[in-house]
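See below for coords-v5.cif, which holds mmCIF, C-alpha atoms and all ligand atoms.
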```
data_work
loop_
_atom_site.label_atom_id
_atom_site.label_comp_id
_atom_site.auth_asym_id
_atom_site.auth_seq_id
_atom_site.Cartn_x
_atom_site.Cartn_y
_atom_site.Cartn_z
CA MET A 896 37.06 -135.69 -34.87
CA GLU A 897 38.07 -133.40 -31.99
CA LEU A 898 40.60 -130.83 -33.26
CA VAL A 899 43.67 -130.53 -31.04
CA PHE A 900 45.79 -127.48 -30.30
CA ASP A 901 48.87 -128.95 -28.69
CA GLY A 902 51.19 -127.34 -26.15
CA HIS A 903 54.58 -128.57 -27.35
CA ASN A 904 56.33 -130.06 -30.35
CA ASP A 905 59.86 -130.14 -31.75
CA VAL A 906 59.03 -130.32 -35.45
CA LEU A 907 61.31 -127.34 -36.11
CA LEU A 908 64.22 -129.31 -34.64
CA ARG A 909 63.54 -132.19 -37.03
CA LEU A 910 63.09 -129.88 -40.04
CA TRP A 911 66.29 -128.00 -39.14
CA ARG A 912 68.18 -131.32 -39.05
CA THR A 913 66.69 -132.22 -42.43
CA ALA A 914 68.01 -128.91 -43.81
CA LYS A 915 71.47 -129.53 -42.26
CA ASP A 916 71.52 -132.95 -43.94
CA GLY A 917 70.86 -131.30 -47.31
CA GLY A 918 67.14 -132.12 -47.46
CA ASP A 919 64.19 -129.82 -48.10
CA PRO A 920 62.40 -129.13 -44.81
CA ILE A 921 59.52 -127.29 -46.50
CA ALA A 922 58.72 -130.18 -48.85
CA GLU A 923 59.14 -132.63 -45.96
CA PHE A 924 56.42 -130.86 -43.99
CA ILE A 925 54.04 -130.11 -46.84
CA GLU A 926 54.30 -133.37 -48.77
CA GLY A 927 54.75 -135.59 -45.70
CA THR A 928 57.41 -138.04 -44.59
CA THR A 929 57.88 -141.11 -42.48
CA ASN A 930 60.47 -139.25 -40.37
CA GLY A 931 59.51 -138.25 -36.84
CA HIS A 932 55.98 -137.35 -35.83
CA ILE A 933 54.58 -134.20 -37.47
CA ASP A 934 54.03 -133.09 -41.03
CA GLY A 935 51.04 -131.52 -42.80
CA PRO A 936 49.31 -134.74 -43.95
CA ARG A 937 49.80 -136.59 -40.64
CA ALA A 938 48.67 -133.57 -38.62
CA LYS A 939 45.52 -133.34 -40.74
CA LYS A 940 44.80 -137.06 -40.35
CA GLY A 941 45.17 -136.93 -36.56
CA GLY A 942 43.24 -133.68 -36.12
CA LEU A 943 46.37 -131.90 -34.89
CA ALA A 944 45.23 -128.42 -35.88
CA GLY A 945 48.08 -126.46 -34.36
CA GLY A 946 50.43 -126.05 -31.46
CA LEU A 947 53.39 -124.41 -29.84
CA CYS A 948 56.42 -125.09 -32.01
CA ALA A 949 59.70 -124.98 -30.15
CA ILE A 950 62.83 -123.16 -31.19
CA TYR A 951 65.22 -125.34 -29.20
CA ILE A 952 69.01 -125.27 -29.29
CA PRO A 953 70.20 -128.88 -29.23
CA SER A 954 72.70 -130.09 -26.65
CA GLY A 955 75.20 -132.26 -28.51
CA ASP A 956 76.28 -133.98 -25.29
CA LEU A 957 72.85 -135.31 -24.28
CA VAL A 958 72.85 -139.10 -23.99
CA LEU A 959 70.17 -140.54 -21.74
CA LYS A 960 71.75 -142.74 -19.06
CA GLU A 961 70.83 -146.43 -19.06
CA PRO A 962 68.77 -147.39 -16.00
CA ASP A 963 70.42 -149.58 -13.34
CA ALA A 964 68.95 -152.90 -12.14
CA ASN A 965 66.25 -151.00 -10.20
CA GLY A 966 65.32 -148.91 -13.25
CA HIS A 967 66.93 -145.82 -11.71
CA TYR A 968 68.95 -143.38 -13.78
CA VAL A 969 70.42 -139.88 -13.53
CA THR A 970 71.48 -138.24 -16.78
CA PRO A 971 73.86 -135.39 -15.95
CA LEU A 972 72.74 -131.93 -17.05
CA SER A 973 73.99 -130.91 -20.46
CA ALA A 974 76.72 -128.27 -20.52
CA PRO A 975 75.69 -124.61 -20.78
CA LEU A 976 75.68 -123.20 -24.33
CA ASP A 977 77.28 -120.02 -25.64
CA HIS A 978 74.97 -117.20 -26.67
CA LEU A 979 76.08 -116.39 -30.22
CA PRO A 980 76.04 -119.91 -31.72
CA SER A 981 72.66 -120.41 -30.02
CA LEU A 982 71.33 -117.22 -31.59
CA THR A 983 72.47 -118.42 -35.01
CA ILE A 984 70.62 -121.72 -34.62
CA ALA A 985 67.49 -119.98 -33.31
CA LEU A 986 67.47 -117.71 -36.37
CA GLU A 987 67.93 -120.70 -38.69
CA LYS A 988 64.94 -122.44 -37.10
CA ALA A 989 62.83 -119.29 -37.21
CA ALA A 990 63.71 -118.94 -40.91
CA ILE A 991 62.34 -122.44 -41.57
CA ALA A 992 59.13 -121.44 -39.78
CA TYR A 993 58.73 -118.31 -41.96
CA ARG A 994 59.55 -120.18 -45.20
CA LEU A 995 56.99 -122.80 -44.30
CA GLU A 996 54.44 -120.03 -43.81
CA GLN A 997 55.34 -118.42 -47.16
CA ALA A 998 54.90 -121.82 -48.84
CA GLY A 999 51.43 -122.21 -47.30
CA GLY A 1000 52.45 -125.12 -45.05
CA TRP A 1001 51.28 -123.49 -41.85
CA ARG A 1002 50.43 -120.09 -40.38
CA ILE A 1003 52.42 -118.37 -37.64
CA CYS A 1004 49.85 -117.17 -35.12
CA ARG A 1005 50.30 -114.16 -32.85
CA SER A 1006 46.88 -114.07 -31.18
CA THR A 1007 44.12 -116.51 -30.27
CA ALA A 1008 42.08 -114.95 -33.10
CA ASP A 1009 44.89 -115.99 -35.47
CA ILE A 1010 44.81 -119.53 -34.02
CA ARG A 1011 41.03 -119.78 -34.34
CA SER A 1012 40.95 -118.56 -37.92
CA ALA A 1013 43.82 -120.82 -39.02
CA MET A 1014 42.10 -123.81 -37.39
CA HIS A 1015 38.84 -122.81 -39.04
CA GLU A 1016 40.52 -122.63 -42.45
CA GLY A 1017 42.24 -125.97 -41.92
CA ILE A 1018 45.74 -124.45 -41.87
CA PHE A 1019 48.12 -125.67 -39.14
CA ALA A 1020 48.21 -122.94 -36.46
CA ALA A 1021 51.83 -122.60 -35.35
CA VAL A 1022 52.80 -120.50 -32.33
CA LEU A 1023 56.53 -119.84 -31.99
CA HIS A 1024 57.96 -120.90 -28.64
CA MET A 1025 61.55 -120.72 -27.42
CA GLU A 1026 62.57 -123.72 -25.30
CA GLY A 1027 65.52 -122.45 -23.28
CA CYS A 1028 66.63 -118.84 -23.83
CA GLU A 1029 70.31 -119.20 -24.73
CA ALA A 1030 69.52 -117.19 -27.89
CA ILE A 1031 68.40 -114.21 -25.78
CA ASP A 1032 71.14 -111.81 -24.69
CA ASP A 1033 71.50 -110.45 -21.18
CA ASP A 1034 70.10 -107.03 -22.12
CA LEU A 1035 67.00 -108.77 -23.56
CA ASP A 1036 67.37 -106.85 -26.84
CA ASN A 1037 66.79 -110.05 -28.81
CA LEU A 1038 63.61 -110.67 -26.86
CA GLU A 1039 62.10 -107.54 -28.38
CA THR A 1040 63.24 -108.66 -31.83
CA PHE A 1041 61.92 -112.19 -31.48
CA TYR A 1042 58.63 -110.85 -30.13
CA ALA A 1043 58.27 -108.59 -33.17
CA ALA A 1044 59.04 -111.64 -35.32
CA GLY A 1045 56.16 -113.56 -33.74
CA LEU A 1046 57.59 -115.25 -30.62
CA ARG A 1047 54.69 -115.66 -28.17
CA SER A 1048 55.96 -118.20 -25.61
CA LEU A 1049 59.23 -119.15 -23.97
CA GLY A 1050 60.70 -121.38 -21.31
CA PRO A 1051 63.56 -119.55 -19.58
CA VAL A 1052 65.55 -122.80 -19.39
CA TRP A 1053 65.71 -126.25 -20.95
CA SER A 1054 67.31 -129.05 -18.91
CA ARG A 1055 70.59 -127.17 -18.45
CA HIS A 1056 71.81 -123.97 -16.79
CA ASN A 1057 71.83 -120.59 -18.50
CA ILE A 1058 72.02 -116.92 -17.55
CA PHE A 1059 68.32 -116.92 -16.59
CA GLY A 1060 68.03 -120.01 -14.42
CA HIS A 1061 68.50 -123.72 -13.94
CA GLY A 1062 66.90 -126.77 -15.49
CA VAL A 1063 66.12 -130.20 -14.03
CA PRO A 1064 68.02 -133.26 -15.25
CA PHE A 1065 66.44 -136.30 -16.91
CA ALA A 1066 66.42 -138.56 -13.87
CA PHE A 1067 64.26 -141.22 -12.21
CA PRO A 1068 63.28 -141.27 -9.45
CA MET A 1069 64.05 -137.68 -8.51
CA SER A 1070 62.32 -134.63 -7.06
CA PRO A 1071 62.13 -131.51 -9.27
CA ASP A 1072 63.87 -129.63 -6.45
CA THR A 1073 67.32 -130.12 -7.98
CA GLY A 1074 68.97 -126.72 -7.75
CA PRO A 1075 68.67 -122.95 -7.62
CA GLY A 1076 65.85 -120.92 -9.13
CA LEU A 1077 65.87 -117.86 -11.35
CA THR A 1078 68.91 -115.61 -11.55
CA ASP A 1079 68.49 -111.82 -11.31
CA ARG A 1080 68.37 -111.76 -15.12
CA GLY A 1081 65.78 -114.51 -15.00
CA PHE A 1082 63.50 -112.28 -12.92
CA GLU A 1083 64.03 -109.48 -15.48
CA LEU A 1084 63.12 -111.91 -18.27
CA VAL A 1085 59.85 -112.82 -16.52
CA LYS A 1086 58.96 -109.14 -16.08
CA ALA A 1087 59.76 -108.42 -19.74
CA CYS A 1088 57.53 -111.34 -20.83
CA ASN A 1089 54.74 -109.95 -18.68
CA ARG A 1090 55.16 -106.52 -20.26
CA LEU A 1091 55.29 -107.79 -23.85
CA GLY A 1092 52.70 -110.52 -23.51
CA ILE A 1093 54.87 -113.62 -23.98
CA ALA A 1094 53.68 -116.80 -22.25
CA ILE A 1095 56.19 -118.25 -19.76
CA ASP A 1096 56.58 -122.04 -19.81
CA LEU A 1097 57.70 -123.83 -16.65
CA ALA A 1098 58.51 -127.19 -18.26
CA HIS A 1099 62.19 -128.10 -17.58
CA ILE A 1100 62.75 -125.52 -14.80
CA THR A 1101 63.79 -126.49 -11.25
CA GLU A 1102 61.13 -126.44 -8.55
CA ARG A 1103 62.73 -123.34 -7.06
CA GLY A 1104 62.62 -121.69 -10.48
CA PHE A 1105 58.94 -122.63 -10.71
CA TRP A 1106 58.20 -120.83 -7.42
CA ASP A 1107 60.32 -117.83 -8.43
CA VAL A 1108 58.25 -117.43 -11.60
CA ALA A 1109 55.01 -118.04 -9.67
CA LYS A 1110 55.72 -115.18 -7.24
CA THR A 1111 56.81 -112.77 -10.01
CA THR A 1112 54.54 -113.31 -12.98
CA ASP A 1113 51.10 -111.83 -13.58
CA GLN A 1114 50.21 -114.71 -15.93
CA PRO A 1115 48.53 -118.05 -15.32
CA LEU A 1116 51.22 -120.69 -14.68
CA ILE A 1117 51.96 -122.91 -17.68
CA ALA A 1118 53.80 -126.23 -17.85
CA SER A 1119 53.42 -127.02 -21.54
CA HIS A 1120 54.63 -130.64 -21.53
CA SER A 1121 54.80 -132.16 -18.04
CA ASN A 1122 52.93 -134.85 -16.10
CA ALA A 1123 52.12 -135.82 -12.51
CA HIS A 1124 55.11 -136.58 -10.29
CA ALA A 1125 52.87 -138.57 -7.95
CA LEU A 1126 52.50 -141.17 -10.74
CA THR A 1127 55.90 -141.01 -12.49
CA GLN A 1128 58.72 -139.72 -10.36
CA VAL A 1129 60.91 -138.10 -12.99
CA ALA A 1130 62.35 -134.70 -12.10
CA ARG A 1131 60.52 -133.22 -15.12
CA ASN A 1132 57.06 -133.98 -13.68
CA LEU A 1133 55.14 -131.69 -11.32
CA THR A 1134 54.51 -132.34 -7.64
CA ASP A 1135 51.01 -132.06 -6.19
CA LYS A 1136 51.99 -128.71 -4.66
CA GLN A 1137 53.02 -127.41 -8.08
CA LEU A 1138 49.79 -128.70 -9.66
CA ASP A 1139 47.82 -126.89 -6.94
CA ALA A 1140 49.67 -123.64 -7.74
CA VAL A 1141 48.90 -124.05 -11.46
CA LYS A 1142 45.22 -124.46 -10.65
CA GLU A 1143 45.27 -121.50 -8.24
CA SER A 1144 46.72 -119.26 -10.97
CA GLY A 1145 44.17 -120.32 -13.59
CA GLY A 1146 46.97 -122.02 -15.51
CA ILE A 1147 47.51 -125.23 -17.43
CA VAL A 1148 49.53 -128.44 -17.66
CA GLY A 1149 49.87 -130.14 -21.06
CA LEU A 1150 50.10 -133.95 -21.02
CA ASN A 1151 53.53 -135.03 -22.27
CA TYR A 1152 53.35 -138.22 -24.37
CA ALA A 1153 56.99 -139.11 -23.54
CA VAL A 1154 56.90 -142.69 -22.27
CA THR A 1155 59.58 -141.95 -19.64
CA MET A 1156 57.21 -139.40 -18.11
CA LEU A 1157 54.09 -141.62 -18.29
CA ARG A 1158 55.17 -145.05 -17.06
CA ASP A 1159 55.34 -145.79 -13.35
CA ASP A 1160 58.76 -147.42 -13.92
CA GLY A 1161 60.05 -144.37 -15.87
CA ARG A 1162 61.51 -146.59 -18.59
CA ASP A 1163 62.09 -145.55 -22.20
CA ASN A 1164 59.82 -148.28 -23.58
CA VAL A 1165 57.40 -147.42 -26.39
CA ALA A 1166 55.24 -150.46 -25.51
CA THR A 1167 53.46 -148.12 -23.12
CA PRO A 1168 49.67 -148.47 -23.04
CA ILE A 1169 47.33 -145.55 -23.70
CA SER A 1170 45.95 -146.27 -20.23
CA ASP A 1171 49.13 -144.69 -18.80
CA MET A 1172 48.24 -141.46 -20.64
CA ILE A 1173 44.67 -141.60 -19.32
CA ARG A 1174 45.97 -142.25 -15.80
CA HIS A 1175 47.97 -139.00 -15.83
CA VAL A 1176 45.09 -137.00 -17.35
CA ASN A 1177 42.68 -138.37 -14.76
CA TYR A 1178 45.06 -137.64 -11.90
CA MET A 1179 45.65 -134.07 -13.03
CA VAL A 1180 41.94 -133.48 -13.68
CA GLU A 1181 41.07 -134.79 -10.21
CA ARG A 1182 43.75 -132.62 -8.63
CA MET A 1183 43.22 -129.39 -10.60
CA GLY A 1184 39.90 -129.63 -12.42
CA ILE A 1185 39.09 -129.97 -16.12
CA ASP A 1186 39.97 -126.31 -16.90
CA HIS A 1187 43.66 -126.82 -16.11
CA VAL A 1188 44.63 -129.89 -18.12
CA ALA A 1189 45.49 -130.01 -21.81
CA LEU A 1190 47.75 -131.80 -24.26
CA GLY A 1191 51.47 -131.17 -24.77
CA SER A 1192 52.56 -134.12 -26.88
CA ASP A 1193 56.30 -133.45 -27.30
CA PHE A 1194 55.91 -134.83 -30.86
CA ASP A 1195 59.32 -134.93 -32.57
CA GLY A 1196 60.98 -134.48 -29.18
CA ALA A 1197 60.41 -137.76 -27.35
CA SER A 1198 59.70 -141.50 -27.55
CA ILE A 1199 55.92 -141.81 -27.44
CA PRO A 1200 53.56 -144.81 -27.05
CA GLU A 1201 53.74 -147.03 -30.14
CA GLU A 1202 49.95 -147.12 -30.42
CA ILE A 1203 49.92 -143.35 -31.07
CA GLN A 1204 52.96 -143.65 -33.35
CA ASP A 1205 52.88 -140.04 -34.61
CA ALA A 1206 50.56 -137.04 -35.10
CA SER A 1207 48.22 -139.15 -37.25
CA GLY A 1208 47.41 -141.23 -34.14
CA ASN A 1209 46.34 -138.29 -31.99
CA GLN A 1210 42.64 -139.20 -32.18
CA ILE A 1211 43.42 -142.60 -30.59
CA LEU A 1212 44.08 -140.71 -27.37
CA VAL A 1213 40.98 -138.56 -27.85
CA ALA A 1214 38.88 -141.71 -28.37
CA ALA A 1215 40.38 -143.30 -25.25
CA LEU A 1216 39.53 -140.19 -23.22
CA LYS A 1217 36.00 -140.34 -24.58
CA SER A 1218 35.54 -143.98 -23.63
CA ASP A 1219 36.93 -143.16 -20.19
CA GLY A 1220 33.91 -140.90 -19.72
CA TYR A 1221 34.96 -137.42 -20.83
CA GLY A 1222 32.03 -135.62 -22.45
CA THR A 1223 32.02 -133.29 -25.45
CA ASP A 1224 32.61 -130.07 -23.49
CA GLU A 1225 35.35 -131.67 -21.43
CA LEU A 1226 37.11 -133.02 -24.50
CA ARG A 1227 36.95 -129.62 -26.14
CA LYS A 1228 38.62 -128.09 -23.08
CA LEU A 1229 41.33 -130.75 -22.94
CA CYS A 1230 41.97 -130.65 -26.68
CA ARG A 1231 42.07 -126.91 -27.37
CA ASP A 1232 39.90 -124.52 -25.35
CA ASN A 1233 42.07 -124.54 -22.23
CA TRP A 1234 45.14 -123.65 -24.26
CA LEU A 1235 43.29 -120.83 -26.02
CA ARG A 1236 42.03 -119.42 -22.72
CA VAL A 1237 45.44 -119.45 -21.04
CA LEU A 1238 47.35 -118.09 -24.03
CA GLY A 1239 44.78 -115.32 -24.39
CA LYS A 1240 45.43 -114.32 -20.77
CA ALA A 1241 49.21 -114.42 -21.16
CA TRP A 1242 48.94 -112.35 -24.35
CA HIS A 1243 46.80 -109.63 -22.66
CA GLU A 1244 43.79 -110.25 -24.91
ZN ZN B 1 60.99 -130.28 -23.65
#
```

What does the file become when written as structure tokens?
Ligand SMILES: [Zn+2]
Amino acid sequence: MELVFDGHNDVLLRLWRTAKDGGDPIAEFIEGTTNGHIDGPRAKKGGLAGGLCAIYIPSGDLVLKEPDANGHYVTPLSAPLDHLPSLTIALEKAAIAYRLEQAGGWRICRSTADIRSAMHEGIFAAVLHMEGCEAIDDDLDNLETFYAAGLRSLGPVWSRHNIFGHGVPFAFPMSPDTGPGLTDRGFELVKACNRLGIAIDLAHITERGFWDVAKTTDQPLIASHSNAHALTQVARNLTDKQLDAVKESGGIVGLNYAVTMLRDDGRDNVATPISDMIRHVNYMVERMGIDHVALGSDFDGASIPEEIQDASGNQILVAALKSDGYGTDELRKLCRDNWLRVLGKAWHE
């Protein structure tokens, strides 16, 4: 089995919803469930040894638009969110993460040494990530607090606007060049992340935002859960020019398992073959090289191919990569080493 450190999951969103519905999120993770994609037992079975776990503030108004006769759709951007309610939700999700650590369900990792030792001990290595920074105030005071509490990665925006920048809509076919880039505060956020050692994730940001971060940051460029726009023309995927910039910076793109971002017709159809996942990996490896491609499943955040089903099916992808010709060293890079290298750089190790 090839252990996987994965670039993006939304398990904290699912566990938070469980808590809101009166359930026990800690027991759900530790004992296992049939809900969603990730829990302790399924992660173990699929060799999912750790990953970036998103603190994401849900948009209540998000309903994916049905495609027209040509399969085209444009889902309008979700409305901006207010800061204080977002902060409350972020703290609730962080509390679940800490309780899960106290109960022995996973370990919150703050360095690549932490990740390596958790993986070695067989404990799920969780890195706290903030997907969209509505919970961060405009003076960035909360950023310091969240960093001290273990936050090691953030995306300035999700697919909506906020005080830091602008996100791309869920739309097919569409270029990622859908609006303005970073705001002045967004540039300050990037500089603060560089100072503290917080990885900056470019998934969900507009193309102009991508270039604004690229010219400001001293880190390798990271798109934690995005695919190749040349193959699937959703606004969330990266153009060849963006992939070239990621490579140039020593950065990384994590393969998103979302079927809408894998299929050439962009449809939300889980009968999507593993070969579509391989196609995107191959394209990105050919374009950028093996050191710049990794996995970023979006488990618990997207519809994924039915053959994978959930975290327990992760090795099906690994096996498919192997039979496509990837050797042991290459698989190790794709599955975990590339993430560890890039995070180590972003964290000033
Ligand atoms: Zn996402």

12 Å from ligand ZN 1 (chain B) is the threshold here; counting all atoms listed in the file, which polymer residues fall inside it? Answer as JSON, numbers by chain. {"A": [902, 903, 904, 905, 906, 908, 947, 948, 949, 950, 951, 952, 953, 1024, 1025, 1026, 1027, 1049, 1050, 1051, 1052, 1053, 1054, 1055, 1062, 1063, 1064, 1065, 1096, 1097, 1098, 1099, 1100, 1118, 1119, 1120, 1121, 1122, 1131, 1132, 1149, 1150, 1151, 1152, 1153, 1156, 1191, 1192, 1193, 1194, 1195, 1196, 1197, 1198]}

Pull C-alpha atoms from the residues just selected and write them as a PDB file, in the frame of the given file.
```pdb
ATOM      1  CA  GLY A 902      51.190-127.340 -26.150  1.00  0.00           C
ATOM      2  CA  HIS A 903      54.580-128.570 -27.350  1.00  0.00           C
ATOM      3  CA  ASN A 904      56.330-130.060 -30.350  1.00  0.00           C
ATOM      4  CA  ASP A 905      59.860-130.140 -31.750  1.00  0.00           C
ATOM      5  CA  VAL A 906      59.030-130.320 -35.450  1.00  0.00           C
ATOM      6  CA  LEU A 908      64.220-129.310 -34.640  1.00  0.00           C
ATOM      7  CA  LEU A 947      53.390-124.410 -29.840  1.00  0.00           C
ATOM      8  CA  CYS A 948      56.420-125.090 -32.010  1.00  0.00           C
ATOM      9  CA  ALA A 949      59.700-124.980 -30.150  1.00  0.00           C
ATOM     10  CA  ILE A 950      62.830-123.160 -31.190  1.00  0.00           C
ATOM     11  CA  TYR A 951      65.220-125.340 -29.200  1.00  0.00           C
ATOM     12  CA  ILE A 952      69.010-125.270 -29.290  1.00  0.00           C
ATOM     13  CA  PRO A 953      70.200-128.880 -29.230  1.00  0.00           C
ATOM     14  CA  HIS A1024      57.960-120.900 -28.640  1.00  0.00           C
ATOM     15  CA  MET A1025      61.550-120.720 -27.420  1.00  0.00           C
ATOM     16  CA  GLU A1026      62.570-123.720 -25.300  1.00  0.00           C
ATOM     17  CA  GLY A1027      65.520-122.450 -23.280  1.00  0.00           C
ATOM     18  CA  LEU A1049      59.230-119.150 -23.970  1.00  0.00           C
ATOM     19  CA  GLY A1050      60.700-121.380 -21.310  1.00  0.00           C
ATOM     20  CA  PRO A1051      63.560-119.550 -19.580  1.00  0.00           C
ATOM     21  CA  VAL A1052      65.550-122.800 -19.390  1.00  0.00           C
ATOM     22  CA  TRP A1053      65.710-126.250 -20.950  1.00  0.00           C
ATOM     23  CA  SER A1054      67.310-129.050 -18.910  1.00  0.00           C
ATOM     24  CA  ARG A1055      70.590-127.170 -18.450  1.00  0.00           C
ATOM     25  CA  GLY A1062      66.900-126.770 -15.490  1.00  0.00           C
ATOM     26  CA  VAL A1063      66.120-130.200 -14.030  1.00  0.00           C
ATOM     27  CA  PRO A1064      68.020-133.260 -15.250  1.00  0.00           C
ATOM     28  CA  PHE A1065      66.440-136.300 -16.910  1.00  0.00           C
ATOM     29  CA  ASP A1096      56.580-122.040 -19.810  1.00  0.00           C
ATOM     30  CA  LEU A1097      57.700-123.830 -16.650  1.00  0.00           C
ATOM     31  CA  ALA A1098      58.510-127.190 -18.260  1.00  0.00           C
ATOM     32  CA  HIS A1099      62.190-128.100 -17.580  1.00  0.00           C
ATOM     33  CA  ILE A1100      62.750-125.520 -14.800  1.00  0.00           C
ATOM     34  CA  ALA A1118      53.800-126.230 -17.850  1.00  0.00           C
ATOM     35  CA  SER A1119      53.420-127.020 -21.540  1.00  0.00           C
ATOM     36  CA  HIS A1120      54.630-130.640 -21.530  1.00  0.00           C
ATOM     37  CA  SER A1121      54.800-132.160 -18.040  1.00  0.00           C
ATOM     38  CA  ASN A1122      52.930-134.850 -16.100  1.00  0.00           C
ATOM     39  CA  ARG A1131      60.520-133.220 -15.120  1.00  0.00           C
ATOM     40  CA  ASN A1132      57.060-133.980 -13.680  1.00  0.00           C
ATOM     41  CA  GLY A1149      49.870-130.140 -21.060  1.00  0.00           C
ATOM     42  CA  LEU A1150      50.100-133.950 -21.020  1.00  0.00           C
ATOM     43  CA  ASN A1151      53.530-135.030 -22.270  1.00  0.00           C
ATOM     44  CA  TYR A1152      53.350-138.220 -24.370  1.00  0.00           C
ATOM     45  CA  ALA A1153      56.990-139.110 -23.540  1.00  0.00           C
ATOM     46  CA  MET A1156      57.210-139.400 -18.110  1.00  0.00           C
ATOM     47  CA  GLY A1191      51.470-131.170 -24.770  1.00  0.00           C
ATOM     48  CA  SER A1192      52.560-134.120 -26.880  1.00  0.00           C
ATOM     49  CA  ASP A1193      56.300-133.450 -27.300  1.00  0.00           C
ATOM     50  CA  PHE A1194      55.910-134.830 -30.860  1.00  0.00           C
ATOM     51  CA  ASP A1195      59.320-134.930 -32.570  1.00  0.00           C
ATOM     52  CA  GLY A1196      60.980-134.480 -29.180  1.00  0.00           C
ATOM     53  CA  ALA A1197      60.410-137.760 -27.350  1.00  0.00           C
ATOM     54  CA  SER A1198      59.700-141.500 -27.550  1.00  0.00           C
TER      55      SER A1198
END
```

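Note that atom CA of Leu986 of chain A and atom CA of Ala974 of chain A are 21.2 Å apart.
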
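Reported to one decimal place, the separation of atom CA of Ala1043 of chain A from atom CA of Arg1231 of chain A is 25.1 Å.
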
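Using all atoms listed in the file, the nearest neighbour of Thr1127 of chain A within the list A:Leu1077, A:Ile1093, A:Ala1066, A:Ala1166 is A:Ala1066.
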
Rounded to one decimal in Å, what is the spacing between atom CA of Gln1128 of chain A and atom CA of Met1179 of chain A? 14.5 Å

My list of candidates is A:Glu961, A:Glu1225, A:Glu1244, A:Asp956. Which is closest to Glu897 of chain A when distances are computed with only C-alpha atoms? A:Glu1225

Put the listed atoms of segment 1174-1187 of chain A in a box along x, y and z with 4 Å added on every side and give me the centre and edge lengths in Å to one decimal, as JSON.
```
{"center_x": 43.5, "center_y": -134.3, "center_z": -13.0, "size_x": 16.9, "size_y": 23.9, "size_z": 16.7}
```

Who sits within 9 Å of Ala1109 of chain A, only C-alpha atoms, same chain under 6 positions skipped, as a VMD selection string: chain A and resid 1115 to 1116 1140 to 1141 1144

Could you give me, as a tab-separated table (two decimals) with C-alpha atoms, in the frame of the given file, the residues that sit within 12 Å of (57.0, -119.4, -4.6) in the file's coordinates, counting only C-alpha atoms?
```tsv
chain	number	residue	atom	x	y	z
A	1076	GLY	CA	65.85	-120.92	-9.13
A	1077	LEU	CA	65.87	-117.86	-11.35
A	1101	THR	CA	63.79	-126.49	-11.25
A	1102	GLU	CA	61.13	-126.44	-8.55
A	1103	ARG	CA	62.73	-123.34	-7.06
A	1104	GLY	CA	62.62	-121.69	-10.48
A	1105	PHE	CA	58.94	-122.63	-10.71
A	1106	TRP	CA	58.20	-120.83	-7.42
A	1107	ASP	CA	60.32	-117.83	-8.43
A	1108	VAL	CA	58.25	-117.43	-11.60
A	1109	ALA	CA	55.01	-118.04	-9.67
A	1110	LYS	CA	55.72	-115.18	-7.24
A	1111	THR	CA	56.81	-112.77	-10.01
A	1112	THR	CA	54.54	-113.31	-12.98
A	1116	LEU	CA	51.22	-120.69	-14.68
A	1136	LYS	CA	51.99	-128.71	-4.66
A	1137	GLN	CA	53.02	-127.41	-8.08
A	1140	ALA	CA	49.67	-123.64	-7.74
A	1141	VAL	CA	48.90	-124.05	-11.46
```

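Comparing A:Val1213, A:Ala964, A:Ala1021, A:Ile984 by their smallest distance to Thr1007 of chain A, the closest is A:Ala1021 (using only C-alpha atoms).
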
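Closest approach to Gly1000 of chain A among A:Met1183, A:Leu1229, A:Ala938, A:Ala1130 is made by A:Ala938 (distances from all atoms listed in the file).
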
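With only C-alpha atoms as the atoms that count, the residue of A:Leu972, A:Ile991, A:Val1129, A:Leu1212 with the shortest distance to Val958 of chain A is A:Leu972.
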
Judged by all atoms listed in the file, the minimum distance to Ala1020 of chain A among A:Gly942, A:Gly1081, A:Gly1060, A:Pro1068 is found for A:Gly942

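Near Pro936 of chain A, within 7 Å and counting all atoms listed in the file, sit A:Gly927, A:Lys939, A:Lys940, not including residues fewer than 3 positions from it in the same chain.
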